[in-house]
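Read the structure below first, then the notes.
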Amino acid sequence: MASGKGGVGKSTVSVNLAIALAQRGNSVGLLDADIYGPSQGTLLGLPADTRPDVQNDLLLPIEAHGIRCMSMSFVTSERTPAIWRGPMASGAMQQLLTQTNWGSLDYLIVDMPPGTGDIQLTLAQRVPLAGAVIVTTPQDVALLDARKGIEMFRRVEVPVLGVIENMSTYICSECGHEEAIFGAGGGSSVAMDYETKLLAQLPLNLELRMASDQGRPLLQTSPDGDISQRFSDAAATVVA
């Protein structure tokens, strides 16, 4: 899961897509590769002092909500910033990936940091990635960065499986009026330009925001809801 820009909801999409895959009967791992701003521990509702056990010199991933997760937040304090240059951050990401006993997995979802820097390049060049999913919002500035992300993956020969457009519309909880406050058609335009799929359009939604902040993924708190179904449909398309 990648994006050229921060703040588009990539981590929220990553955890819900991972859970959607797990609900389909798959064994799923989730690597929080955002070394500078890890958030998967919070999204999964894990205590701030969560630490992985070590077995045979390998870290054991933390299991929550049916998936196995490893994050920088599990090995450092939540108040300790990673004040590192790029190569150090890339090295930390590689350690989390290769020194974790993931066990037998059907899928490993990697929640990448924003941008097209050292961590993305290191992962793309050293790990046989099956594909990338680009997360964006409809805003022009986010779409510019999404295009850069797609171009980067193309240059390192990683297939782009599709685009997920987050915050597509806002639906008023009082009257039901729906409005594209960040613009319309951006995700589909990018997908069309690069001959890939628009996997999902997710609205700006209070329930999703609250579920994420509370560490209770929406696919478990509201499995039959509209947004949960959109995540499930996106997971099915990614698998296909």
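Ordered as shown in the structure tokens, chains take letters A, B, and onward, while each chain numbers its residues from 1 and ligands are numbered from 1 in the order shown.
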Contacts of segment 81-177 of chain A with segment 211-233 of chain A up to 12 Å, shortest pair per row, only C-alpha atoms, as a Markdown table:
| residue | atom | partner | partner_atom | distance |
| --- | --- | --- | --- | --- |
| A:Ile164 | CA | A:Phe231 | CA | 9.6 |
| A:Glu165 | CA | A:Arg230 | CA | 11.3 |
| A:Asn166 | CA | A:Ile227 | CA | 10.9 |
| A:Met167 | CA | A:Ile227 | CA | 11.5 |
| A:Ser168 | CA | A:Ile227 | CA | 12.0 |
### Message
Can you pull out the residues contacting segment 2-9 of chain A? Cut-off 6 Å, using only C-alpha atoms, and skip same-chain residues under 3 positions away; I want them as a ChimeraX atom specification.
### Response
/A:12,112,114-115,134-137,145-146,149
Please, could you write that set of residues out with N, CA and C atoms as a PDB file, in the first residue's frame?
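Saved result, out_27.pdb, follows:
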ATOM      1  N   THR A  12      -5.056   3.424   7.276  1.00  0.00           N
ATOM      2  CA  THR A  12      -6.417   2.952   7.537  1.00  0.00           C
ATOM      3  C   THR A  12      -6.856   1.965   6.466  1.00  0.00           C
ATOM      4  N   MET A 112       3.409   1.329   3.462  1.00  0.00           N
ATOM      5  CA  MET A 112       4.602   2.128   3.205  1.00  0.00           C
ATOM      6  C   MET A 112       4.437   3.567   3.681  1.00  0.00           C
ATOM      7  N   PRO A 114       4.729   7.700   3.110  1.00  0.00           N
ATOM      8  CA  PRO A 114       4.462   8.492   1.908  1.00  0.00           C
ATOM      9  C   PRO A 114       5.758   8.803   1.158  1.00  0.00           C
ATOM     10  N   GLY A 115       5.610   9.080  -0.118  1.00  0.00           N
ATOM     11  CA  GLY A 115       6.771   9.488  -0.907  1.00  0.00           C
ATOM     12  C   GLY A 115       7.317   8.377  -1.780  1.00  0.00           C
ATOM     13  N   ILE A 134      -2.233   1.887  -4.844  1.00  0.00           N
ATOM     14  CA  ILE A 134      -2.020   3.317  -4.618  1.00  0.00           C
ATOM     15  C   ILE A 134      -3.255   3.920  -3.959  1.00  0.00           C
ATOM     16  N   VAL A 135      -3.043   4.625  -2.855  1.00  0.00           N
ATOM     17  CA  VAL A 135      -4.139   5.295  -2.146  1.00  0.00           C
ATOM     18  C   VAL A 135      -4.017   6.793  -2.379  1.00  0.00           C
ATOM     19  N   THR A 136      -5.126   7.428  -2.725  1.00  0.00           N
ATOM     20  CA  THR A 136      -5.123   8.866  -2.974  1.00  0.00           C
ATOM     21  C   THR A 136      -6.453   9.460  -2.539  1.00  0.00           C
ATOM     22  N   THR A 137      -6.514  10.773  -2.523  1.00  0.00           N
ATOM     23  CA  THR A 137      -7.785  11.480  -2.392  1.00  0.00           C
ATOM     24  C   THR A 137      -8.050  12.164  -3.728  1.00  0.00           C
ATOM     25  N   ASP A 145       0.872  13.520  -6.711  1.00  0.00           N
ATOM     26  CA  ASP A 145       1.791  12.636  -5.998  1.00  0.00           C
ATOM     27  C   ASP A 145       1.461  11.167  -6.251  1.00  0.00           C
ATOM     28  N   ALA A 146       0.179  10.855  -6.429  1.00  0.00           N
ATOM     29  CA  ALA A 146      -0.204   9.477  -6.737  1.00  0.00           C
ATOM     30  C   ALA A 146       0.395   9.039  -8.067  1.00  0.00           C
ATOM     31  N   GLY A 149       3.942   8.141  -7.566  1.00  0.00           N
ATOM     32  CA  GLY A 149       4.066   6.826  -6.955  1.00  0.00           C
ATOM     33  C   GLY A 149       3.921   5.709  -7.975  1.00  0.00           C
TER      34      GLY A 149
END
### Message
Ranking A:Val239, A:Leu43, A:Ile171, A:Met1 by minimum distance to Leu202 of chain A and counting only C-alpha atoms, which one comes first?
### Response
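Between A:Val239, A:Leu43, A:Ile171, A:Met1, the residue approaching Leu202 of chain A most closely is A:Ile171.
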What's around Ala234 of chain A at 7 Å? Count only C-alpha atoms, leave out sequence neighbours fewer than 4 positions away in its own chain, and write the answer as a PDB file with C-alpha atoms, in the first residue's frame.
ATOM      1  CA  LEU A 199     -10.514  -0.629  -6.631  1.00  0.00           C
ATOM      2  CA  ALA A 200     -12.757   1.427  -4.359  1.00  0.00           C
ATOM      3  CA  ARG A 230     -16.267  -1.690  -0.312  1.00  0.00           C
ATOM      4  CA  VAL A 238      -6.693  -7.499  -5.441  1.00  0.00           C
TER       5      VAL A 238
END
### Message
Can you measure atom CA of Glu207 of chain A to atom CA of Phe182 of chain A for me? One decimal in Å is fine.
### Response
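Between atom CA of Glu207 of chain A and atom CA of Phe182 of chain A the gap works out to 19.1 Å.
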### Query
Which residue, A:Arg85, A:Arg126, A:Arg51, A:Arg68, has the smallest gap to Ser104 of chain A when you use only C-alpha atoms?
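Of all the options, A:Arg68 lies closest to Ser104 of chain A.
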### Which of segment 165-234 of chain A fall in strand (DSSP E), as a ChimeraX atom specification
/A:165,170-171,178-179,198-201
### Task
Going by DSSP on the backbone, which bits of segment 95-134 of chain A are helix (DSSP H, G or I)? Write them as a ChimeraX atom specification, please.
/A:95-98,118-126
Could those residues be written to a file, using all heavy atoms, as a CSV table (one decimal), in the first residue's frame?
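Final output, saved to out-v3.csv:
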chain,number,residue,atom,x,y,z
A,95,GLN,N,15.1,-4.9,8.7
A,95,GLN,CA,15.2,-5.8,9.9
A,95,GLN,C,13.8,-6.2,10.3
A,95,GLN,O,13.6,-7.4,10.7
A,95,GLN,CB,15.9,-5.0,11.1
A,95,GLN,CG,17.4,-4.9,10.9
A,95,GLN,CD,18.0,-4.2,12.1
A,95,GLN,OE1,17.6,-3.2,12.5
A,95,GLN,NE2,19.0,-4.9,12.6
A,96,LEU,N,12.8,-5.3,10.3
A,96,LEU,CA,11.4,-5.7,10.7
A,96,LEU,C,10.9,-6.7,9.8
A,96,LEU,O,10.1,-7.6,10.2
A,96,LEU,CB,10.5,-4.4,10.7
A,96,LEU,CG,10.8,-3.4,11.8
A,96,LEU,CD1,9.8,-2.2,11.6
A,96,LEU,CD2,10.7,-4.0,13.2
A,97,LEU,N,11.3,-6.6,8.5
A,97,LEU,CA,10.7,-7.6,7.5
A,97,LEU,C,11.4,-8.9,7.6
A,97,LEU,O,10.7,-10.0,7.7
A,97,LEU,CB,11.0,-7.0,6.1
A,97,LEU,CG,10.6,-7.9,4.9
A,97,LEU,CD1,9.1,-8.2,4.9
A,97,LEU,CD2,11.0,-7.3,3.6
A,98,THR,N,12.7,-8.9,7.7
A,98,THR,CA,13.5,-10.2,7.5
A,98,THR,C,13.8,-10.9,8.9
A,98,THR,O,14.1,-12.1,8.9
A,98,THR,CB,14.8,-10.0,6.8
A,98,THR,OG1,15.6,-9.1,7.6
A,98,THR,CG2,14.6,-9.4,5.4
A,118,ASP,N,13.9,6.2,0.0
A,118,ASP,CA,14.8,5.1,0.3
A,118,ASP,C,14.0,3.8,0.6
A,118,ASP,O,14.3,2.7,0.2
A,118,ASP,CB,15.7,5.4,1.4
A,118,ASP,CG,16.8,6.4,1.0
A,118,ASP,OD1,17.3,6.2,-0.1
A,118,ASP,OD2,17.2,7.3,1.8
A,119,ILE,N,13.0,4.0,1.5
A,119,ILE,CA,12.3,2.8,2.0
A,119,ILE,C,11.5,2.1,0.8
A,119,ILE,O,11.6,0.9,0.6
A,119,ILE,CB,11.3,3.1,3.1
A,119,ILE,CG1,12.1,3.5,4.4
A,119,ILE,CG2,10.4,2.0,3.4
A,119,ILE,CD1,11.3,3.9,5.5
A,120,GLN,N,10.9,2.9,0.0
A,120,GLN,CA,10.1,2.3,-1.2
A,120,GLN,C,11.1,1.6,-2.1
A,120,GLN,O,10.9,0.5,-2.6
A,120,GLN,CB,9.4,3.4,-1.9
A,120,GLN,CG,8.2,3.9,-1.1
A,120,GLN,CD,8.5,5.0,-0.2
A,120,GLN,OE1,9.6,5.3,0.2
A,120,GLN,NE2,7.5,5.7,0.3
A,121,LEU,N,12.2,2.3,-2.4
A,121,LEU,CA,13.2,1.7,-3.4
A,121,LEU,C,13.8,0.5,-2.8
A,121,LEU,O,14.0,-0.5,-3.5
A,121,LEU,CB,14.3,2.8,-3.7
A,121,LEU,CG,13.8,3.9,-4.6
A,121,LEU,CD1,14.9,4.9,-4.8
A,121,LEU,CD2,13.5,3.3,-6.0
A,122,THR,N,14.2,0.5,-1.5
A,122,THR,CA,14.8,-0.7,-0.9
A,122,THR,C,13.9,-1.9,-1.0
A,122,THR,O,14.3,-3.0,-1.3
A,122,THR,CB,15.2,-0.4,0.5
A,122,THR,OG1,16.1,0.7,0.6
A,122,THR,CG2,15.8,-1.6,1.2
A,123,LEU,N,12.6,-1.6,-0.6
A,123,LEU,CA,11.6,-2.7,-0.6
A,123,LEU,C,11.4,-3.3,-2.0
A,123,LEU,O,11.4,-4.5,-2.3
A,123,LEU,CB,10.3,-2.2,0.0
A,123,LEU,CG,9.3,-3.3,0.3
A,123,LEU,CD1,9.8,-4.2,1.4
A,123,LEU,CD2,7.9,-2.7,0.7
A,124,ALA,N,11.3,-2.4,-3.0
A,124,ALA,CA,11.0,-2.8,-4.4
A,124,ALA,C,12.2,-3.5,-5.0
A,124,ALA,O,12.0,-4.5,-5.8
A,124,ALA,CB,10.7,-1.6,-5.2
A,125,GLN,N,13.4,-3.2,-4.6
A,125,GLN,CA,14.6,-3.8,-5.2
A,125,GLN,C,15.0,-5.1,-4.5
A,125,GLN,O,15.7,-5.9,-5.2
A,125,GLN,CB,15.7,-2.8,-5.2
A,125,GLN,CG,15.5,-1.6,-6.1
A,125,GLN,CD,16.6,-0.5,-5.9
A,125,GLN,OE1,17.3,-0.5,-5.0
A,125,GLN,NE2,16.6,0.5,-6.8
A,126,ARG,N,14.7,-5.3,-3.3
A,126,ARG,CA,15.2,-6.4,-2.5
A,126,ARG,C,14.1,-7.5,-2.2
A,126,ARG,O,14.5,-8.5,-1.7
A,126,ARG,CB,15.9,-5.9,-1.3
A,126,ARG,CG,17.0,-5.0,-1.5
A,126,ARG,CD,17.9,-4.8,-0.3
A,126,ARG,NE,19.0,-3.8,-0.6
A,126,ARG,CZ,20.0,-3.6,0.2
A,126,ARG,NH1,20.0,-4.2,1.4
A,126,ARG,NH2,20.9,-2.7,-0.1
